Amino acid sequence: MEKISGKHILVVGATGGIGSESARLLKSSGANLFLMGRNRAKLLALAEGIGLAEQQCFAVDITRPNEVESAAHVIHREIGQLDILINSVGVGIIKPIDTLTYDDFMQSLNVNLIGAFNLLKAFLPPMKVQKKGLIINLPGVLGKTPMAGAAAYSASKYGLQGMLKSVREDLKRTDIRITNIFLGGTDTAFWDTIDMRVQRDKFVSAEEAAKAIWFLCQQPESGVVSELVLQPFNHQAI
Ligand SMILES: NC(=O)c1ccc[n+]([C@@H]2O[C@H](COP(=O)([O-])OP(=O)(O)OC[C@H]3O[C@@H](n4cnc5c(N)ncnc54)[C@H](OP(=O)(O)O)[C@@H]3O)[C@@H](O)[C@H]2O)c1
């Protein structure tokens with residue numbers, strides 16, 4: 001198993017439920033951690049809570065390529081290349097097609113798919129030079145199997161999965177791993193604005209989802225975990 005200690009790891013979406021729990025775990029395992037998210041105040045509060053410096057935080061909207069590039073430039077200047085990029089950014093717009101608007105659809109694609117593309121464009125090139133690295137994304141179960149009301153979300157997450165599978169082919173001659181996590185319902189603020197009857201007390205906890213990410217950061221040197229599925233026990237969609 002690879003060690004987390006000393007690894008340069010960026011958690012994007014670090015202010016979210018899964019991102020913040022992952023950041024806590026990875027820091028406690030000795031990672032050299034960087035945090036990225038939209039909200040500077042939330043990022044700084046998290047950083048202070050887990051013992052990171054302000055310089056390790058990057059307030060970035062990942063739909064803006066120039067912001068992502070600038071942060072990547074600063075990070076690469078300091079450490080050369082990331083060992084692990086974790087993209088835990090996502091927006092969940094769950095509405096039936098009748099009420100789903102053009103803006104809903106575009107926002108889903110912009111954050112969940114184009115944002116992930118912007119991260120790849122900024123952080124993959126130095127990994128390619130070293131031919132080494134790990135990129136973890138969270139397409140989720142709805143990136144693999146459909147659900148009513150998920151046209152926009154699933155379009156973005158199926159797209160994310162398709163993009164990453166294709167990039168995996170591009171990277172075949174390197175040791176750069178692409179790992180996709182397919183989580184089912186996980187109890188975070190992601191669900192606060194979703195108008196749907198769900199049993200959040202039966203969901204996977206953010207802590208358990210973060211432990212899966214922590215585990216994936218230590219996958220064996222000789223192999224790759226290309227996919228991991230973790231779903232609530234009472235709702236196994238895959
Ligand atoms: N929760 C679930 O049931 C579930 C299931 C399967 C997959 N997933 C996926 O898991 C990932 C994490 O979800 P979560 O449950 O932790 O959700 P969450 O608590 O809502 O966190 C989402 C994170 O994304 C950030 N974000 C949103 N738009 C952004 C943008 N344009 N630029 C930068 N950051 C942005 C948010 O920042 P702010 O703090 O600024 O809003 C927040 O940090 C997402 O990709 C989600 O699709 C979640």
# chains A, B, ... in the order shown; residues from 1 in each chain; ligands from 1
>>> residues_near_ligand(ligand="ligand 1", cutoff="6 Å", atoms="only C-alpha atoms and all ligand atoms", output="ChimeraX atom specification")
/A:13-19,37-39,60-63,88-91,111,138-141,183-190
>>> residues_around(residues="A:Gly80", least_positions_apart="6", cutoff="10 Å", atoms="only C-alpha atoms", output="NGL selection string")
:A and (8 or 73-74 or 126-127 or 130)
>>> write_last_selection(atoms="N, CA and C atoms", output="tab-separated table (two decimals), in the first residue's frame")
chain	number	residue	atom	x	y	z
A	8	HIS	N	1.68	15.10	-1.52
A	8	HIS	CA	1.07	16.39	-1.84
A	8	HIS	C	-0.33	16.12	-2.38
A	73	HIS	N	-0.74	27.16	-10.66
A	73	HIS	CA	0.59	27.73	-10.84
A	73	HIS	C	1.29	27.91	-9.48
A	74	VAL	N	0.55	28.45	-8.52
A	74	VAL	CA	1.12	28.68	-7.17
A	74	VAL	C	1.49	27.33	-6.52
A	126	PRO	N	1.84	18.48	-15.21
A	126	PRO	CA	3.04	18.08	-14.45
A	126	PRO	C	3.04	16.60	-14.07
A	127	MET	N	1.86	16.04	-13.83
A	127	MET	CA	1.79	14.59	-13.56
A	127	MET	C	2.29	13.82	-14.78
A	130	GLN	N	6.06	13.61	-14.92
A	130	GLN	CA	6.59	12.60	-13.99
A	130	GLN	C	6.02	11.21	-14.28
>>> atom_distance(atom1="atom CA of A:Lys128", atom2="atom CA of A:Asn112")
23.3 Å
>>> closest_residue(among="A:Asn32, A:Gln199, A:Ser70, A:Asn180", to="A:Ile136", atoms="only C-alpha atoms")
A:Asn180
>>> select_by_dssp(residues="stretch 100-163 of chain A", states="alpha helix (DSSP H)", output="VMD selection string")
chain A and resid 102 to 109 115 to 130 151 to 163
>>> residues_around(residues="A:Ser226", least_positions_apart="6", cutoff="9 Å", atoms="only C-alpha atoms", output="number ranges by chain")
A: 177-181
>>> closest_residue(among="A:Glu54, A:Ser29, A:Thr99, A:Gly6", to="A:Ala41", atoms="only C-alpha atoms")
A:Glu54
>>> atom_distance(atom1="atom CA of A:Pro65", atom2="atom CA of A:Ala152")
21.8 Å
>>> closest_residue(among="A:Tyr158, A:Ala210, A:Asp175, A:Lys7", to="A:Ala23", atoms="only C-alpha atoms")
A:Ala210
>>> residues_around(residues="A:Phe182", least_positions_apart="4", cutoff="12 Å", atoms="only C-alpha atoms", output="count of residues only")
30
>>> select_by_dssp(residues="stretch 158-215 of chain A", states="strand (DSSP E or B)", output="number ranges by chain")
A: 175-183, 186-187, 204-205
>>> write_last_selection(atoms="N, CA, C and O atoms", output="short mmCIF file (atom, residue, chain, number, x, y, z; two decimals), in the first residue's frame")
data_model
loop_
_atom_site.label_atom_id
_atom_site.label_comp_id
_atom_site.auth_asym_id
_atom_site.auth_seq_id
_atom_site.Cartn_x
_atom_site.Cartn_y
_atom_site.Cartn_z
N ASP A 175 2.02 5.95 -15.20
CA ASP A 175 1.51 5.36 -13.95
C ASP A 175 0.49 6.30 -13.31
O ASP A 175 0.36 6.34 -12.09
N ILE A 176 -0.19 7.09 -14.11
CA ILE A 176 -1.20 7.99 -13.54
C ILE A 176 -2.51 7.22 -13.44
O ILE A 176 -3.03 6.71 -14.43
N ARG A 177 -3.00 7.16 -12.21
CA ARG A 177 -4.24 6.40 -11.97
C ARG A 177 -5.45 7.34 -12.00
O ARG A 177 -5.39 8.44 -11.47
N ILE A 178 -6.51 6.85 -12.59
CA ILE A 178 -7.80 7.56 -12.57
C ILE A 178 -8.76 6.68 -11.79
O ILE A 178 -9.03 5.54 -12.19
N THR A 179 -9.26 7.20 -10.68
CA THR A 179 -10.17 6.42 -9.83
C THR A 179 -11.50 7.15 -9.73
O THR A 179 -11.54 8.34 -9.39
N ASN A 180 -12.58 6.44 -10.02
CA ASN A 180 -13.92 7.02 -9.92
C ASN A 180 -14.68 6.36 -8.77
O ASN A 180 -14.73 5.14 -8.69
N ILE A 181 -15.29 7.21 -7.94
CA ILE A 181 -16.07 6.69 -6.81
C ILE A 181 -17.55 6.87 -7.11
O ILE A 181 -17.99 7.97 -7.45
N PHE A 182 -18.28 5.80 -6.95
CA PHE A 182 -19.73 5.84 -7.18
C PHE A 182 -20.43 5.71 -5.84
O PHE A 182 -20.66 4.61 -5.35
N LEU A 183 -20.71 6.88 -5.25
CA LEU A 183 -21.40 6.89 -3.96
C LEU A 183 -22.90 6.92 -4.19
O LEU A 183 -23.37 7.63 -5.09
N THR A 186 -25.44 10.11 0.31
CA THR A 186 -24.49 10.36 1.41
C THR A 186 -24.99 11.60 2.15
O THR A 186 -25.37 12.60 1.51
N ASP A 187 -25.00 11.53 3.46
CA ASP A 187 -25.66 12.56 4.26
C ASP A 187 -24.80 13.82 4.40
O ASP A 187 -23.97 13.92 5.31
N VAL A 204 -25.27 6.78 3.63
CA VAL A 204 -23.85 6.65 3.98
C VAL A 204 -23.46 7.96 4.68
O VAL A 204 -23.92 9.04 4.29
N SER A 205 -22.65 7.88 5.73
CA SER A 205 -22.23 9.12 6.40
C SER A 205 -21.07 9.75 5.62
O SER A 205 -20.32 9.05 4.92
#
>>> residues_around(residues="stretch 48-53 of chain A", least_positions_apart="4", cutoff="8 Å", atoms="only C-alpha atoms", output="count of residues only")
5
>>> residues_around(residues="A:Leu119", least_positions_apart="2", cutoff="9 Å", atoms="only C-alpha atoms", output="NGL selection string")
:A and (62 or 65 or 68-69 or 72 or 85 or 87 or 114-117 or 121-124)
>>> atom_distance(atom1="atom CA of A:Leu82", atom2="atom CA of A:Arg40")
21.5 Å
>>> closest_residue(among="A:Gln218, A:Gln56, A:Gln81, A:Ser5", to="A:Lys132", atoms="only C-alpha atoms")
A:Gln81
>>> closest_residue(among="A:His76, A:Val198, A:Lys211, A:Phe105", to="A:Ser20", atoms="only C-alpha atoms")
A:Lys211
>>> decode(residues="stretch 71-102 of chain A", atoms="N, CA and C atoms", output="PDB file, in the first residue's frame")
ATOM      1  N   ALA A  71      -4.263  29.151  -9.382  1.00  0.00           N
ATOM      2  CA  ALA A  71      -4.011  28.374  -8.156  1.00  0.00           C
ATOM      3  C   ALA A  71      -3.028  27.241  -8.449  1.00  0.00           C
ATOM      4  N   ALA A  72      -3.213  26.583  -9.597  1.00  0.00           N
ATOM      5  CA  ALA A  72      -2.322  25.473  -9.955  1.00  0.00           C
ATOM      6  C   ALA A  72      -0.880  25.973 -10.091  1.00  0.00           C
ATOM      7  N   HIS A  73      -0.739  27.155 -10.659  1.00  0.00           N
ATOM      8  CA  HIS A  73       0.594  27.733 -10.837  1.00  0.00           C
ATOM      9  C   HIS A  73       1.287  27.907  -9.477  1.00  0.00           C
ATOM     10  N   VAL A  74       0.549  28.447  -8.517  1.00  0.00           N
ATOM     11  CA  VAL A  74       1.123  28.676  -7.172  1.00  0.00           C
ATOM     12  C   VAL A  74       1.485  27.331  -6.525  1.00  0.00           C
ATOM     13  N   ILE A  75       0.587  26.371  -6.626  1.00  0.00           N
ATOM     14  CA  ILE A  75       0.835  25.056  -6.004  1.00  0.00           C
ATOM     15  C   ILE A  75       2.033  24.367  -6.670  1.00  0.00           C
ATOM     16  N   HIS A  76       2.069  24.391  -7.996  1.00  0.00           N
ATOM     17  CA  HIS A  76       3.168  23.721  -8.705  1.00  0.00           C
ATOM     18  C   HIS A  76       4.506  24.390  -8.433  1.00  0.00           C
ATOM     19  N   ARG A  77       4.473  25.728  -8.284  1.00  0.00           N
ATOM     20  CA  ARG A  77       5.727  26.452  -7.988  1.00  0.00           C
ATOM     21  C   ARG A  77       6.283  25.970  -6.654  1.00  0.00           C
ATOM     22  N   GLU A  78       5.393  25.627  -5.738  1.00  0.00           N
ATOM     23  CA  GLU A  78       5.865  25.222  -4.408  1.00  0.00           C
ATOM     24  C   GLU A  78       6.285  23.759  -4.360  1.00  0.00           C
ATOM     25  N   ILE A  79       5.529  22.881  -5.013  1.00  0.00           N
ATOM     26  CA  ILE A  79       5.784  21.447  -4.790  1.00  0.00           C
ATOM     27  C   ILE A  79       6.080  20.658  -6.068  1.00  0.00           C
ATOM     28  N   GLY A  80       6.127  21.325  -7.208  1.00  0.00           N
ATOM     29  CA  GLY A  80       6.415  20.596  -8.453  1.00  0.00           C
ATOM     30  C   GLY A  80       5.153  20.000  -9.068  1.00  0.00           C
ATOM     31  N   GLN A  81       4.658  18.954  -8.461  1.00  0.00           N
ATOM     32  CA  GLN A  81       3.414  18.350  -8.954  1.00  0.00           C
ATOM     33  C   GLN A  81       2.640  17.757  -7.782  1.00  0.00           C
ATOM     34  N   LEU A  82       1.340  17.640  -7.982  1.00  0.00           N
ATOM     35  CA  LEU A  82       0.530  16.966  -6.975  1.00  0.00           C
ATOM     36  C   LEU A  82       0.761  15.459  -7.078  1.00  0.00           C
ATOM     37  N   ASP A  83       0.711  14.788  -5.939  1.00  0.00           N
ATOM     38  CA  ASP A  83       0.648  13.323  -5.986  1.00  0.00           C
ATOM     39  C   ASP A  83      -0.800  12.886  -6.206  1.00  0.00           C
ATOM     40  N   ILE A  84      -1.725  13.597  -5.527  1.00  0.00           N
ATOM     41  CA  ILE A  84      -3.133  13.182  -5.603  1.00  0.00           C
ATOM     42  C   ILE A  84      -4.032  14.411  -5.741  1.00  0.00           C
ATOM     43  N   LEU A  85      -4.929  14.346  -6.728  1.00  0.00           N
ATOM     44  CA  LEU A  85      -5.963  15.372  -6.911  1.00  0.00           C
ATOM     45  C   LEU A  85      -7.311  14.725  -6.591  1.00  0.00           C
ATOM     46  N   ILE A  86      -8.018  15.300  -5.631  1.00  0.00           N
ATOM     47  CA  ILE A  86      -9.345  14.781  -5.278  1.00  0.00           C
ATOM     48  C   ILE A  86     -10.370  15.853  -5.632  1.00  0.00           C
ATOM     49  N   ASN A  87     -11.260  15.536  -6.562  1.00  0.00           N
ATOM     50  CA  ASN A  87     -12.307  16.493  -6.943  1.00  0.00           C
ATOM     51  C   ASN A  87     -13.617  16.099  -6.274  1.00  0.00           C
ATOM     52  N   SER A  88     -13.933  16.811  -5.193  1.00  0.00           N
ATOM     53  CA  SER A  88     -15.182  16.530  -4.473  1.00  0.00           C
ATOM     54  C   SER A  88     -16.172  17.689  -4.630  1.00  0.00           C
ATOM     55  N   VAL A  89     -16.097  18.357  -5.768  1.00  0.00           N
ATOM     56  CA  VAL A  89     -17.042  19.444  -6.066  1.00  0.00           C
ATOM     57  C   VAL A  89     -18.276  18.856  -6.748  1.00  0.00           C
ATOM     58  N   GLY A  90     -19.424  19.413  -6.412  1.00  0.00           N
ATOM     59  CA  GLY A  90     -20.618  18.973  -7.133  1.00  0.00           C
ATOM     60  C   GLY A  90     -21.815  19.819  -6.766  1.00  0.00           C
ATOM     61  N   VAL A  91     -22.731  19.930  -7.725  1.00  0.00           N
ATOM     62  CA  VAL A  91     -23.995  20.586  -7.445  1.00  0.00           C
ATOM     63  C   VAL A  91     -25.099  19.599  -7.837  1.00  0.00           C
ATOM     64  N   GLY A  92     -26.099  19.484  -6.971  1.00  0.00           N
ATOM     65  CA  GLY A  92     -27.161  18.501  -7.218  1.00  0.00           C
ATOM     66  C   GLY A  92     -28.476  19.194  -7.535  1.00  0.00           C
ATOM     67  N   ILE A  93     -28.764  19.344  -8.819  1.00  0.00           N
ATOM     68  CA  ILE A  93     -30.065  19.917  -9.214  1.00  0.00           C
ATOM     69  C   ILE A  93     -30.931  18.749  -9.670  1.00  0.00           C
ATOM     70  N   ILE A  94     -31.866  18.377  -8.831  1.00  0.00           N
ATOM     71  CA  ILE A  94     -32.721  17.215  -9.103  1.00  0.00           C
ATOM     72  C   ILE A  94     -34.149  17.724  -9.303  1.00  0.00           C
ATOM     73  N   LYS A  95     -34.601  17.743 -10.552  1.00  0.00           N
ATOM     74  CA  LYS A  95     -35.930  18.257 -10.900  1.00  0.00           C
ATOM     75  C   LYS A  95     -36.442  17.469 -12.095  1.00  0.00           C
ATOM     76  N   PRO A  96     -37.754  17.255 -12.177  1.00  0.00           N
ATOM     77  CA  PRO A  96     -38.278  16.608 -13.377  1.00  0.00           C
ATOM     78  C   PRO A  96     -38.068  17.486 -14.601  1.00  0.00           C
ATOM     79  N   ILE A  97     -38.034  16.857 -15.742  1.00  0.00           N
ATOM     80  CA  ILE A  97     -37.723  17.579 -16.987  1.00  0.00           C
ATOM     81  C   ILE A  97     -38.687  18.747 -17.231  1.00  0.00           C
ATOM     82  N   ASP A  98     -39.940  18.622 -16.749  1.00  0.00           N
ATOM     83  CA  ASP A  98     -40.927  19.698 -16.964  1.00  0.00           C
ATOM     84  C   ASP A  98     -40.511  21.008 -16.310  1.00  0.00           C
ATOM     85  N   THR A  99     -39.878  20.923 -15.157  1.00  0.00           N
ATOM     86  CA  THR A  99     -39.520  22.160 -14.445  1.00  0.00           C
ATOM     87  C   THR A  99     -38.027  22.494 -14.541  1.00  0.00           C
ATOM     88  N   LEU A 100     -37.265  21.573 -15.109  1.00  0.00           N
ATOM     89  CA  LEU A 100     -35.825  21.806 -15.270  1.00  0.00           C
ATOM     90  C   LEU A 100     -35.611  22.909 -16.302  1.00  0.00           C
ATOM     91  N   THR A 101     -34.816  23.922 -15.944  1.00  0.00           N
ATOM     92  CA  THR A 101     -34.606  25.029 -16.881  1.00  0.00           C
ATOM     93  C   THR A 101     -33.259  24.883 -17.603  1.00  0.00           C
ATOM     94  N   TYR A 102     -33.114  25.695 -18.622  1.00  0.00           N
ATOM     95  CA  TYR A 102     -31.833  25.750 -19.352  1.00  0.00           C
ATOM     96  C   TYR A 102     -30.699  26.103 -18.379  1.00  0.00           C
TER      97      TYR A 102
END
